[in-house]
file final38.txt (compact mmCIF, C-alpha atoms)
# COMPACT_ATOMS: atom_id res chain seq x y z
CA MET A 1 0.00 0.00 0.00
CA SER A 2 1.32 3.43 -0.89
CA THR A 3 2.14 5.75 2.02
CA GLY A 4 2.06 8.85 -0.16
CA ARG A 5 5.71 9.50 0.78
CA PRO A 6 8.22 9.75 -2.08
CA ASN A 7 11.08 7.26 -2.35
CA ILE A 8 14.21 8.52 -0.59
CA PRO A 9 17.11 9.16 -2.95
CA GLY A 10 20.40 7.47 -2.16
CA ARG A 11 22.32 10.68 -1.46
CA ARG A 12 20.31 13.89 -1.37
CA PHE A 13 16.92 15.44 -2.06
CA PHE A 14 16.68 17.63 -5.14
CA LEU A 15 14.24 19.97 -6.78
CA ARG A 16 14.74 19.57 -10.50
CA ALA A 17 13.77 21.81 -13.38
CA THR A 18 15.13 22.23 -16.86
CA GLY A 19 18.82 22.98 -16.49
CA ILE A 20 18.51 23.43 -12.70
CA GLN A 21 19.24 21.05 -9.85
CA LEU A 22 18.76 22.48 -6.36
CA ALA A 23 20.03 20.51 -3.37
CA LEU A 24 17.70 20.59 -0.35
CA PRO A 25 18.42 20.05 3.33
CA VAL A 26 17.20 16.86 5.00
CA LEU A 27 13.43 17.22 5.48
CA ASP A 28 12.05 15.30 8.44
CA SER A 29 8.61 14.86 6.92
CA LEU A 30 10.12 12.91 4.03
CA LEU A 31 12.13 10.50 6.19
CA PRO A 32 11.04 7.18 7.71
CA THR A 33 10.70 7.24 11.51
CA ALA A 34 13.74 4.99 12.09
CA LEU A 35 16.03 7.11 9.95
CA ARG A 36 14.70 10.27 11.60
CA SER A 37 15.67 8.90 15.02
CA THR A 38 19.16 7.97 13.80
CA LEU A 39 19.71 11.46 12.42
CA ALA A 40 18.60 13.00 15.71
CA LEU A 41 21.25 11.00 17.58
CA THR A 42 24.08 11.71 15.14
CA ALA A 43 23.17 15.40 15.08
CA LEU A 44 24.12 15.69 18.77
CA SER A 45 27.72 14.70 18.06
CA ALA A 46 27.89 16.87 14.95
CA GLN A 47 26.66 20.12 16.50
CA SER A 48 30.15 21.16 17.58
CA LYS A 49 31.66 20.54 14.15
CA THR A 50 31.60 23.18 11.43
CA VAL A 51 31.37 21.80 7.92
CA ARG A 52 34.14 23.33 5.83
CA PRO A 53 33.67 23.86 2.10
CA MET A 54 35.86 21.97 -0.35
CA ARG A 55 38.25 24.11 -2.40
CA MET A 56 40.15 23.52 -5.61
CA VAL A 57 43.48 24.86 -6.89
CA ALA A 58 45.16 24.03 -10.21
CA ILE A 59 48.69 25.05 -11.21
CA GLY A 60 49.98 24.40 -14.72
CA ASN A 61 52.97 25.38 -16.81
CA ALA A 62 53.25 25.48 -20.58
CA PHE A 63 56.40 23.44 -21.12
CA GLY A 64 56.06 20.34 -18.96
CA PHE A 65 58.77 18.83 -16.75
CA TYR A 66 61.82 16.77 -17.64
CA ALA A 67 60.35 13.28 -17.13
CA PRO A 68 63.49 11.38 -15.93
CA PHE A 69 63.79 13.87 -13.06
CA PHE A 70 60.05 14.02 -12.34
CA PHE A 71 58.48 10.54 -12.33
CA PRO A 72 59.58 8.17 -9.53
CA LYS A 73 61.29 4.95 -10.59
CA ARG A 74 59.75 3.17 -7.62
CA THR A 75 55.95 3.41 -7.36
CA GLY A 76 53.60 2.64 -4.48
CA PRO A 77 53.78 4.11 -0.96
CA ASP A 78 57.58 3.72 -0.84
CA PHE A 79 58.11 5.91 -3.92
CA ASP A 80 61.41 7.66 -4.45
CA THR A 81 61.73 11.41 -5.00
CA PRO A 82 63.74 12.28 -8.13
CA HIS A 83 65.52 15.62 -8.31
CA LEU A 84 62.41 17.65 -9.21
CA LEU A 85 60.39 16.04 -6.41
CA GLU A 86 62.99 16.40 -3.66
CA PRO A 87 61.42 19.65 -2.36
CA LEU A 88 58.17 17.72 -1.89
CA ALA A 89 59.70 15.02 0.32
CA PRO A 90 58.31 16.59 3.55
CA HIS A 91 54.83 16.34 2.04
CA LYS A 92 54.93 12.73 0.81
CA LYS A 93 51.93 11.74 2.92
CA GLU A 94 49.83 14.56 1.44
CA ILE A 95 50.60 14.05 -2.25
CA SER A 96 50.07 11.52 -5.03
CA ILE A 97 52.31 11.30 -8.09
CA LEU A 98 50.34 10.15 -11.13
CA SER A 99 51.93 8.93 -14.37
CA GLY A 100 50.34 7.49 -17.50
CA LEU A 101 47.46 10.01 -17.63
CA ASP A 102 46.71 12.40 -20.49
CA HIS A 103 43.87 13.54 -22.73
CA GLY A 104 44.93 11.65 -25.85
CA VAL A 105 45.32 14.90 -27.78
CA LYS A 106 48.00 16.03 -30.21
CA GLY A 107 49.26 19.47 -31.15
CA GLY A 108 52.23 20.29 -28.93
CA HIS A 109 52.02 23.88 -27.72
CA PHE A 110 48.62 24.31 -29.38
CA ALA A 111 47.17 21.47 -27.27
CA VAL A 112 48.48 22.71 -23.91
CA HIS A 113 45.31 24.76 -23.49
CA SER A 114 43.35 21.48 -23.09
CA PHE A 115 45.12 20.77 -19.77
CA LEU A 116 42.11 21.50 -17.54
CA SER A 117 39.38 20.90 -20.11
CA GLY A 118 40.44 17.63 -21.75
CA ILE A 119 39.23 19.05 -25.07
CA ARG A 120 41.03 21.20 -27.59
CA GLN A 121 39.08 24.30 -28.47
CA VAL A 122 38.92 23.29 -32.14
CA ASP A 123 37.24 20.02 -31.13
CA ALA A 124 34.76 21.53 -28.67
CA LYS A 125 31.75 22.08 -30.92
CA GLY A 126 30.68 18.44 -30.87
CA MET A 127 30.87 18.18 -27.09
CA PRO A 128 27.77 18.71 -24.92
CA ASP A 129 29.68 20.98 -22.51
CA GLY A 130 32.11 22.45 -25.03
CA ASN A 131 35.65 22.72 -23.71
CA ILE A 132 34.70 24.04 -20.28
CA SER A 133 37.62 23.59 -17.92
CA MET A 134 37.40 21.75 -14.62
CA ASP A 135 37.75 24.90 -12.53
CA GLN A 136 34.95 26.68 -14.38
CA ARG A 137 32.67 23.64 -14.13
CA ALA A 138 33.23 23.66 -10.38
CA ALA A 139 32.68 27.45 -10.29
CA GLU A 140 29.22 26.99 -11.81
CA THR A 141 28.13 25.23 -8.62
CA VAL A 142 29.49 27.92 -6.29
CA GLY A 143 27.14 30.62 -7.55
CA GLY A 144 27.14 33.68 -5.30
CA SER A 145 28.43 31.88 -2.20
CA THR A 146 31.77 33.68 -2.59
CA ARG A 147 32.68 37.08 -3.97
CA PHE A 148 34.65 35.44 -6.79
CA PRO A 149 33.39 32.10 -8.15
CA SER A 150 36.97 31.49 -9.30
CA LEU A 151 40.29 33.29 -9.55
CA THR A 152 42.34 32.80 -12.73
CA ILE A 153 45.91 34.02 -12.35
CA GLY A 154 48.69 34.05 -14.93
CA SER A 155 50.23 35.81 -17.86
CA GLU A 156 49.23 36.39 -21.46
CA ASP A 157 52.82 37.03 -22.52
CA GLY A 158 55.04 34.57 -24.32
CA LEU A 159 54.57 31.76 -26.78
CA HIS A 160 51.00 31.23 -28.04
CA GLY A 161 49.59 33.49 -25.31
CA GLY A 162 50.56 31.35 -22.31
CA CYS A 163 48.87 28.21 -21.00
CA MET A 164 45.29 29.37 -21.63
CA MET A 165 44.02 26.79 -19.14
CA CYS A 166 40.62 28.16 -18.16
CA TRP A 167 37.58 28.11 -20.45
CA THR A 168 33.88 28.83 -20.01
CA ARG A 169 31.08 26.65 -21.30
CA SER A 170 30.70 28.97 -24.30
CA GLY A 171 34.35 28.43 -25.29
CA THR A 172 35.61 31.80 -24.08
CA ARG A 173 39.01 31.94 -22.42
CA VAL A 174 38.96 33.33 -18.89
CA THR A 175 41.36 36.27 -18.93
CA PRO A 176 43.92 35.89 -16.14
CA ILE A 177 44.78 38.35 -13.39
CA GLN A 178 48.34 39.21 -14.35
CA GLY A 179 50.19 40.21 -11.18
CA PRO A 180 50.17 40.12 -7.38
CA ARG A 181 49.29 43.82 -7.13
CA GLU A 182 46.19 43.32 -9.28
CA LEU A 183 45.23 40.18 -7.37
CA PHE A 184 45.73 41.93 -4.00
CA ARG A 185 43.53 44.85 -5.03
CA LYS A 186 40.87 42.52 -6.34
CA LEU A 187 40.79 40.63 -3.04
CA PHE A 188 41.24 43.38 -0.45
CA VAL A 189 40.85 46.94 -1.78
CA ASN A 190 37.33 48.37 -1.42
CA GLU A 191 35.88 51.00 -3.72
CA SER A 192 35.08 54.41 -2.31
CA GLU A 193 31.40 55.19 -1.68
CA SER A 194 31.22 57.37 -4.80
CA ASP A 195 32.87 54.61 -6.85
CA GLN A 196 30.34 52.11 -5.50
CA VAL A 197 27.49 54.36 -6.63
CA ARG A 198 29.03 54.64 -10.11
CA THR A 199 29.54 50.86 -10.18
CA ARG A 200 25.91 50.19 -9.28
CA ASP A 201 24.72 52.68 -11.89
CA SER A 202 27.01 51.11 -14.47
CA LEU A 203 25.82 47.61 -13.64
CA GLY A 204 22.21 48.70 -13.94
CA LEU A 205 22.88 50.28 -17.34
CA GLN A 206 24.78 47.24 -18.62
CA GLY A 207 21.97 44.98 -17.48
CA SER A 208 19.37 46.99 -19.39
CA ILE A 209 21.56 46.95 -22.50
CA LEU A 210 21.83 43.18 -22.31
CA ASP A 211 18.06 42.87 -21.96
CA ALA A 212 17.61 44.96 -25.11
CA VAL A 213 20.21 43.00 -27.05
CA ASN A 214 18.63 39.72 -26.00
CA ALA A 215 15.20 40.85 -27.14
CA ASP A 216 16.52 41.96 -30.53
CA ALA A 217 18.52 38.75 -31.00
CA LYS A 218 15.56 36.51 -30.18
CA SER A 219 13.42 38.37 -32.68
CA LEU A 220 16.12 37.98 -35.29
CA LYS A 221 16.43 34.24 -34.71
CA ASN A 222 13.06 33.56 -36.36
CA HIS A 223 14.48 34.76 -39.68
CA LEU A 224 17.76 32.80 -39.68
CA ALA A 225 18.86 29.57 -41.28
CA SER A 226 19.53 26.65 -38.93
CA SER A 227 23.33 27.08 -39.08
CA ASP A 228 23.01 30.75 -38.09
CA GLN A 229 20.54 29.84 -35.36
CA ARG A 230 23.20 27.60 -33.83
CA LYS A 231 25.63 30.50 -33.88
CA LEU A 232 23.00 32.66 -32.22
CA ASP A 233 22.46 30.01 -29.54
CA GLU A 234 26.18 30.13 -28.80
CA TYR A 235 25.82 33.89 -28.50
CA PHE A 236 22.92 33.50 -26.08
CA THR A 237 25.14 31.28 -23.93
CA SER A 238 27.81 33.99 -23.86
CA VAL A 239 25.19 36.59 -22.94
CA ARG A 240 23.96 34.42 -20.08
CA ASP A 241 27.53 34.16 -18.80
CA VAL A 242 27.76 37.96 -18.76
CA GLU A 243 24.36 38.27 -17.06
CA LYS A 244 25.44 35.92 -14.29
CA SER A 245 28.64 37.90 -13.82
CA LEU A 246 26.72 41.17 -13.62
CA GLU A 247 24.27 39.78 -11.10
CA LEU A 248 27.11 38.53 -8.91
CA ARG A 249 28.83 41.93 -9.06
CA ARG A 250 25.58 43.60 -8.04
CA LYS A 251 25.28 41.31 -5.03
CA TRP A 252 28.81 41.90 -3.77
CA SER A 253 29.31 45.56 -4.76
CA ALA A 254 28.26 46.89 -1.33
CA VAL A 255 29.75 44.08 0.79
CA PRO A 256 33.10 45.10 2.36
CA LYS A 257 36.11 43.01 1.42
CA PRO A 258 38.13 41.28 4.16
CA ASP A 259 41.06 43.05 5.78
CA ALA A 260 44.46 42.24 4.30
CA THR A 261 47.05 40.70 6.59
CA ILE A 262 49.96 41.66 4.31
CA PRO A 263 50.91 44.97 2.65
CA GLU A 264 50.07 45.54 -0.99
CA PRO A 265 52.78 43.86 -3.12
CA GLN A 266 54.33 45.28 -6.25
CA ASN A 267 54.71 43.41 -9.51
CA ALA A 268 58.31 42.32 -9.97
CA GLY A 269 58.06 39.78 -12.80
CA LEU A 270 56.59 36.29 -12.86
CA VAL A 271 59.53 34.40 -11.33
CA THR A 272 59.78 36.75 -8.36
CA ASP A 273 55.98 37.03 -8.14
CA ILE A 274 55.23 33.29 -7.90
CA PRO A 275 55.66 32.95 -4.09
CA VAL A 276 53.61 36.12 -3.54
CA LEU A 277 50.85 34.83 -5.82
CA TYR A 278 50.79 31.56 -3.88
CA ASP A 279 50.45 33.47 -0.60
CA LEU A 280 47.59 35.53 -2.00
CA MET A 281 45.86 32.38 -3.28
CA ALA A 282 46.06 30.90 0.22
CA LEU A 283 44.61 34.12 1.67
CA ALA A 284 41.78 34.07 -0.88
CA LEU A 285 40.85 30.54 0.17
CA GLN A 286 41.28 31.27 3.88
CA THR A 287 38.98 34.32 3.75
CA ASP A 288 36.48 32.44 1.55
CA SER A 289 36.78 35.18 -1.07
CA SER A 290 36.93 32.28 -3.54
CA ARG A 291 37.04 28.49 -3.34
CA ILE A 292 38.67 27.97 -6.72
CA ALA A 293 41.98 29.32 -7.99
CA THR A 294 44.26 28.56 -10.94
CA LEU A 295 47.79 29.69 -11.72
CA GLU A 296 49.28 29.62 -15.22
CA ILE A 297 53.09 29.60 -15.47
CA ALA A 298 54.23 30.34 -19.00
CA GLY A 299 54.93 33.65 -20.67
CA GLY A 300 56.97 36.15 -18.75
CA PHE A 301 59.00 33.52 -16.87
CA GLU A 302 62.30 35.38 -16.67
CA ALA A 303 64.94 32.66 -16.58
CA ALA A 304 67.68 35.26 -16.03
CA VAL A 305 66.34 35.95 -12.52
CA LEU A 306 67.41 32.39 -11.64
CA GLY A 307 70.82 32.85 -13.25
CA VAL A 308 69.86 31.13 -16.51
CA ARG A 309 70.85 33.12 -19.58
CA LYS A 310 68.79 31.11 -22.05
CA GLU A 311 65.07 31.44 -22.75
CA TYR A 312 62.70 28.96 -21.05
CA HIS A 313 60.91 27.81 -24.19
CA GLY A 314 64.15 27.25 -26.04
CA LEU A 315 65.51 25.13 -23.20
CA SER A 316 62.42 22.93 -23.29
CA HIS A 317 63.66 21.93 -26.78
CA HIS A 318 66.92 20.75 -25.26
CA GLY A 319 67.79 18.23 -27.99
CA GLN A 320 69.20 15.92 -25.29
CA VAL A 321 72.09 18.35 -24.78
CA GLU A 322 73.22 17.83 -21.19
CA GLU A 323 73.97 21.50 -20.52
CA SER A 324 70.53 22.59 -21.75
CA ILE A 325 68.82 19.89 -19.70
CA GLY A 326 70.65 21.10 -16.60
CA LEU A 327 69.49 24.68 -17.14
CA LEU A 328 65.93 23.57 -17.89
CA VAL A 329 65.77 21.47 -14.74
CA LYS A 330 66.97 24.46 -12.72
CA LEU A 331 63.91 26.41 -13.87
CA GLU A 332 61.64 23.45 -13.17
CA ARG A 333 63.15 22.81 -9.74
CA TYR A 334 62.32 26.38 -8.75
CA GLN A 335 58.68 25.68 -9.60
CA THR A 336 58.49 22.51 -7.48
CA GLU A 337 60.24 24.35 -4.62
CA GLN A 338 57.59 27.08 -4.68
CA PHE A 339 54.84 24.47 -4.93
CA ALA A 340 56.26 22.72 -1.86
CA ARG A 341 56.30 26.06 -0.05
CA PHE A 342 52.64 26.58 -0.97
CA LEU A 343 51.70 23.16 0.43
CA ALA A 344 53.53 23.96 3.67
CA LYS A 345 51.61 27.26 3.89
CA MET A 346 48.28 25.49 3.34
CA LYS A 347 49.14 22.87 5.98
CA SER A 348 49.94 25.62 8.50
CA ILE A 349 46.50 27.27 8.23
CA ASN A 350 43.88 25.81 10.57
CA ASP A 351 40.51 25.15 8.95
CA GLY A 352 37.92 23.63 11.24
CA ASP A 353 38.76 20.02 12.04
CA GLY A 354 41.86 20.04 9.81
CA SER A 355 44.13 22.27 7.79
CA LEU A 356 43.35 24.34 4.73
CA LEU A 357 45.19 21.71 2.69
CA ASP A 358 42.93 18.98 4.08
CA HIS A 359 39.99 20.83 2.56
CA THR A 360 41.64 21.89 -0.71
CA MET A 361 42.40 19.72 -3.75
CA VAL A 362 45.62 21.01 -5.32
CA LEU A 363 46.54 19.88 -8.84
CA PHE A 364 50.05 20.59 -10.17
CA GLY A 365 51.27 19.69 -13.63
CA SER A 366 51.24 20.57 -17.30
CA GLY A 367 49.42 19.96 -20.56
CA MET A 368 52.82 19.23 -22.16
CA GLY A 369 54.24 15.76 -21.67
CA ASN A 370 57.54 16.14 -23.50
CA GLY A 371 58.52 19.65 -24.57
CA ASN A 372 61.50 18.44 -26.57
CA ALA A 373 59.34 16.09 -28.65
CA HIS A 374 56.23 18.33 -28.63
CA THR A 375 54.00 15.55 -27.30
CA ASN A 376 51.03 15.83 -24.97
CA LEU A 377 51.15 12.26 -23.65
CA ASN A 378 51.93 10.96 -20.14
CA LEU A 379 51.44 14.34 -18.51
CA PRO A 380 53.28 15.18 -15.29
CA ILE A 381 50.63 15.24 -12.56
CA ILE A 382 50.73 15.74 -8.79
CA LEU A 383 47.60 15.87 -6.65
CA ALA A 384 47.71 17.05 -3.05
CA GLY A 385 45.22 17.49 -0.21
CA GLY A 386 41.45 17.52 -0.53
CA GLY A 387 40.83 14.46 1.65
CA PHE A 388 42.06 11.94 -0.91
CA GLN A 389 44.11 8.96 0.24
CA HIS A 390 47.63 10.12 -0.64
CA GLY A 391 51.16 8.97 0.02
CA ALA A 392 51.91 6.93 -3.10
CA ALA A 393 53.07 7.10 -6.71
CA HIS A 394 50.68 5.55 -9.25
CA ASP A 395 51.66 4.34 -12.71
CA PHE A 396 48.58 3.96 -14.90
CA PRO A 397 48.61 2.04 -18.21
CA VAL A 398 49.35 4.32 -21.17
CA SER A 399 47.55 2.00 -23.62
CA GLY A 400 45.27 -1.02 -23.76
CA PRO A 401 41.84 -1.72 -22.25
CA ASN A 402 42.83 -0.45 -18.80
CA ARG A 403 44.00 2.95 -20.03
CA GLN A 404 42.24 5.87 -18.36
CA PRO A 405 42.16 9.49 -19.53
CA LEU A 406 43.21 12.34 -17.24
CA SER A 407 39.58 13.47 -17.35
CA ASN A 408 38.77 10.54 -15.06
CA LEU A 409 40.84 12.21 -12.35
CA PHE A 410 39.08 15.50 -13.05
CA LEU A 411 35.71 13.80 -12.70
CA SER A 412 36.81 12.39 -9.33
CA MET A 413 37.86 15.87 -8.25
CA LEU A 414 34.61 17.44 -9.40
CA GLN A 415 32.61 14.84 -7.54
CA ARG A 416 34.68 15.48 -4.42
CA PHE A 417 33.96 19.19 -4.88
CA GLY A 418 30.24 18.40 -4.87
CA VAL A 419 29.42 18.52 -8.58
CA GLU A 420 26.68 15.99 -9.29
CA GLN A 421 27.67 14.50 -12.64
CA LYS A 422 28.89 11.21 -14.07
CA ARG A 423 31.13 12.45 -16.87
CA PHE A 424 33.54 15.23 -17.71
CA ALA A 425 35.00 15.80 -21.19
CA LEU A 426 36.05 12.34 -22.47
CA SER A 427 36.07 10.62 -19.09
CA THR A 428 35.14 6.94 -18.84
CA GLY A 429 34.22 7.19 -15.16
CA ALA A 430 35.93 8.22 -11.94
CA LEU A 431 39.64 7.36 -11.75
CA ARG A 432 40.05 3.70 -10.81
CA GLY A 433 42.95 2.50 -8.70
CA PHE A 434 43.31 5.77 -6.82
call {"tool": "encode", "arguments": {"input": "final38.txt", "output": "structure tokens"}}
result
Amino acid sequence: MSTGRPNIPGRRFFLRATGIQLALPVLDSLLPTALRSTLALTALSAQSKTVRPMRMVAIGNAFGFYAPFFFPKRTGPDFDTPHLLEPLAPHKKEISILSGLDHGVKGGHFAVHSFLSGIRQVDAKGMPDGNISMDQRAAETVGGSTRFPSLTIGSEDGLHGGCMMCWTRSGTRVTPIQGPRELFRKLFVNESESDQVRTRDSLGLQGSILDAVNADAKSLKNHLASSDQRKLDEYFTSVRDVEKSLELRRKWSAVPKPDATIPEPQNAGLVTDIPVLYDLMALALQTDSSRIATLEIAGGFEAAVLGVRKEYHGLSHHGQVEESIGLLVKLERYQTEQFARFLAKMKSINDGDGSLLDHTMVLFGSGMGNGNAHTNLNLPIILAGGGFQHGAAHDFPVSGPNRQPLSNLFLSMLQRFGVEQKRFALSTGALRGF
């Protein structure tokens, strides 16, 4: 006999509408009596605990890492730390080294931009979610919970415009914040009252312009061929992205920013700026200004600051020349040293029942597998924190029926972040064996 009560979903209750999925709190009236009693008991022990949000950080460079000095020769929990991983030795229990993963793409430098999306931009049109990157997919679920749904940091200088890691659902590159001074001001400097008034007026005007453009475009659509209608649909998607951004800016325009605990930094060049950018990223996560941050390391990397008189990109094409490899590894070692420093910083910040690192997934790697050969296979990947079971090096099959794409790891990360989906890019499921 029917009780009139809906079946209880395995994980959560949802209200669903077209394109919308809204998670609901546990509703007593929808629960069986036995389960209601169990929840009442467990709630007593949980009252003193504050649930901390999951965060996500991704760091990528454009030229990869010299594989013989990056991947451990001994896998499993007793993995060794080659020269590039030596700075990470104090964090072995908090990291996983992953080899054998990639997106199966080709194109050398022109495919590096697929690092976080799994899809080259030229191949995105046939994909249901385009070439949206992992960070932006996660940011879609954050909404207005933080001032900045995500922070994209990097440089547009250098070969092919840098890494170009972050992409929206409409295929638009997310323009990076290009220096610590700009990032600091974005996070901590409030507008004056008169500036806030002008901002609100400007946002209102822009919103009305978008409404007018949308109305005109929808009217026009009725007179277009099907191919042009598809182009217009892509335009509508871009407009919706702008509308969401405007609405978020309206919400936060009058809310004071947190106080800064460090003085405003000056831009000194990417190499010198990297540790400052890492510190600001940690502050952004700690103050809940954002829960998602990415850092692109590519153009503007001044090798001379580290005593290397040859250009970074040229050294990545080392031609197996020992001297060039040595100089290249020096530049790469600096990056792993700064990454290790960032992990130490995250571990030192208390965050509820753990550290900030415990509640932050940190991806470090590159969309380039072998810069000398221009291949995008077997990408160098490190994952830290985020509550995963770490402390081992994993060597996944590079071919055959057990091969898994890097997108499987991204799907696992998105699910850990709270994104309710079963696929991402060309994933075949969550990453097995990890």
call {"tool": "residues_around", "arguments": {"input": "final38.txt", "residues": "Tyr334 (chain A)", "least_positions_apart": "3", "cutoff": "9 Å", "atoms": "all atoms listed in the file", "output": "list in words"}}
result
Leu84, Val271, Leu306, Val329, Lys330, Leu331, Glu337, Gln338 and Phe339 of chain A
call {"tool": "residues_around", "arguments": {"input": "final38.txt", "residues": "region 100-109 of chain A", "least_positions_apart": "4", "cutoff": "7 Å", "atoms": "only C-alpha atoms", "output": "PDB file with C-alpha atoms, in the coordinates of the input"}}
result
ATOM      1  CA  GLY A 118      40.440  17.630 -21.750  1.00  0.00           C
ATOM      2  CA  MET A 368      52.820  19.230 -22.160  1.00  0.00           C
ATOM      3  CA  HIS A 374      56.230  18.330 -28.630  1.00  0.00           C
ATOM      4  CA  THR A 375      54.000  15.550 -27.300  1.00  0.00           C
ATOM      5  CA  ASN A 376      51.030  15.830 -24.970  1.00  0.00           C
ATOM      6  CA  LEU A 377      51.150  12.260 -23.650  1.00  0.00           C
ATOM      7  CA  ASN A 378      51.930  10.960 -20.140  1.00  0.00           C
ATOM      8  CA  LEU A 379      51.440  14.340 -18.510  1.00  0.00           C
ATOM      9  CA  ASP A 395      51.660   4.340 -12.710  1.00  0.00           C
ATOM     10  CA  PHE A 396      48.580   3.960 -14.900  1.00  0.00           C
ATOM     11  CA  PRO A 397      48.610   2.040 -18.210  1.00  0.00           C
ATOM     12  CA  VAL A 398      49.350   4.320 -21.170  1.00  0.00           C
ATOM     13  CA  GLN A 404      42.240   5.870 -18.360  1.00  0.00           C
ATOM     14  CA  PRO A 405      42.160   9.490 -19.530  1.00  0.00           C
ATOM     15  CA  LEU A 406      43.210  12.340 -17.240  1.00  0.00           C
ATOM     16  CA  SER A 407      39.580  13.470 -17.350  1.00  0.00           C
TER      17      SER A 407
END
call {"tool": "residues_around", "arguments": {"input": "final38.txt", "residues": "Leu270 (chain A)", "least_positions_apart": "6", "cutoff": "7 Å", "atoms": "all atoms listed in the file", "output": "PyMOL selection string"}}
result
chain A and resi 300-302
call {"tool": "write_last_selection", "arguments": {"input": "final38.txt", "atoms": "C-alpha atoms", "output": "JSON list (two decimals), in the frame of the given file"}}
result
[["chain", "number", "residue", "atom", "x", "y", "z"],
["A", 300, "GLY", "CA", 56.97, 36.15, -18.75],
["A", 301, "PHE", "CA", 59.00, 33.52, -16.87],
["A", 302, "GLU", "CA", 62.30, 35.38, -16.67]]
call {"tool": "closest_atom_pairs", "arguments": {"input": "final38.txt", "of": "region 236-310 of chain A", "to": "region 363-366 of chain A", "cutoff": "10 Å", "atoms": "only C-alpha atoms", "output": "tab-separated table"}}
result
residue	atom	partner	partner_atom	distance
A:Thr294	CA	A:Leu363	CA	9.2
A:Leu295	CA	A:Phe364	CA	9.5
A:Glu296	CA	A:Ser366	CA	9.5
A:Ile297	CA	A:Ser366	CA	9.4
call {"tool": "atom_distance", "arguments": {"input": "final38.txt", "atom1": "CA of Phe342 (chain A)", "atom2": "CA of Asp279 (chain A)"}}
result
7.2 Å
call {"tool": "residues_around", "arguments": {"input": "final38.txt", "residues": "Cys166 (chain A)", "least_positions_apart": "2", "cutoff": "9 Å", "atoms": "all atoms listed in the file", "output": "PDB file with C-alpha atoms, in the frame of the given file"}}
result
ATOM      1  CA  HIS A 113      45.310  24.760 -23.490  1.00  0.00           C
ATOM      2  CA  SER A 114      43.350  21.480 -23.090  1.00  0.00           C
ATOM      3  CA  PHE A 115      45.120  20.770 -19.770  1.00  0.00           C
ATOM      4  CA  LEU A 116      42.110  21.500 -17.540  1.00  0.00           C
ATOM      5  CA  SER A 117      39.380  20.900 -20.110  1.00  0.00           C
ATOM      6  CA  ILE A 132      34.700  24.040 -20.280  1.00  0.00           C
ATOM      7  CA  SER A 133      37.620  23.590 -17.920  1.00  0.00           C
ATOM      8  CA  MET A 134      37.400  21.750 -14.620  1.00  0.00           C
ATOM      9  CA  ASP A 135      37.750  24.900 -12.530  1.00  0.00           C
ATOM     10  CA  GLN A 136      34.950  26.680 -14.380  1.00  0.00           C
ATOM     11  CA  THR A 152      42.340  32.800 -12.730  1.00  0.00           C
ATOM     12  CA  CYS A 163      48.870  28.210 -21.000  1.00  0.00           C
ATOM     13  CA  MET A 164      45.290  29.370 -21.630  1.00  0.00           C
ATOM     14  CA  THR A 168      33.880  28.830 -20.010  1.00  0.00           C
ATOM     15  CA  THR A 172      35.610  31.800 -24.080  1.00  0.00           C
ATOM     16  CA  ARG A 173      39.010  31.940 -22.420  1.00  0.00           C
ATOM     17  CA  VAL A 174      38.960  33.330 -18.890  1.00  0.00           C
ATOM     18  CA  THR A 175      41.360  36.270 -18.930  1.00  0.00           C
ATOM     19  CA  PRO A 176      43.920  35.890 -16.140  1.00  0.00           C
ATOM     20  CA  THR A 294      44.260  28.560 -10.940  1.00  0.00           C
TER      21      THR A 294
END
call {"tool": "build_atoms", "arguments": {"input": "final38.txt", "residues": "region 103-111 of chain A", "atoms": "N, CA and C atoms", "output": "PDB file, keeping the file's coordinate frame"}}
result
ATOM      1  N   HIS A 103      45.170  13.364 -22.067  1.00  0.00           N
ATOM      2  CA  HIS A 103      43.870  13.540 -22.730  1.00  0.00           C
ATOM      3  C   HIS A 103      43.816  12.883 -24.109  1.00  0.00           C
ATOM      4  N   GLY A 104      44.918  12.267 -24.533  1.00  0.00           N
ATOM      5  CA  GLY A 104      44.930  11.650 -25.850  1.00  0.00           C
ATOM      6  C   GLY A 104      44.894  12.642 -26.987  1.00  0.00           C
ATOM      7  N   VAL A 105      45.352  13.872 -26.743  1.00  0.00           N
ATOM      8  CA  VAL A 105      45.320  14.900 -27.780  1.00  0.00           C
ATOM      9  C   VAL A 105      46.714  15.084 -28.376  1.00  0.00           C
ATOM     10  N   LYS A 106      46.752  15.700 -29.545  1.00  0.00           N
ATOM     11  CA  LYS A 106      48.000  16.030 -30.210  1.00  0.00           C
ATOM     12  C   LYS A 106      47.996  17.518 -30.559  1.00  0.00           C
ATOM     13  N   GLY A 107      49.185  18.061 -30.767  1.00  0.00           N
ATOM     14  CA  GLY A 107      49.260  19.470 -31.150  1.00  0.00           C
ATOM     15  C   GLY A 107      50.355  20.240 -30.472  1.00  0.00           C
ATOM     16  N   GLY A 108      51.127  19.591 -29.569  1.00  0.00           N
ATOM     17  CA  GLY A 108      52.230  20.290 -28.930  1.00  0.00           C
ATOM     18  C   GLY A 108      51.762  21.502 -28.155  1.00  0.00           C
ATOM     19  N   HIS A 109      52.369  22.655 -28.440  1.00  0.00           N
ATOM     20  CA  HIS A 109      52.020  23.880 -27.720  1.00  0.00           C
ATOM     21  C   HIS A 109      50.551  24.253 -27.927  1.00  0.00           C
ATOM     22  N   PHE A 110      50.002  23.920 -29.086  1.00  0.00           N
ATOM     23  CA  PHE A 110      48.620  24.310 -29.380  1.00  0.00           C
ATOM     24  C   PHE A 110      47.605  23.413 -28.675  1.00  0.00           C
ATOM     25  N   ALA A 111      48.075  22.343 -28.027  1.00  0.00           N
ATOM     26  CA  ALA A 111      47.170  21.470 -27.270  1.00  0.00           C
ATOM     27  C   ALA A 111      47.307  21.661 -25.769  1.00  0.00           C
TER      28      ALA A 111
END
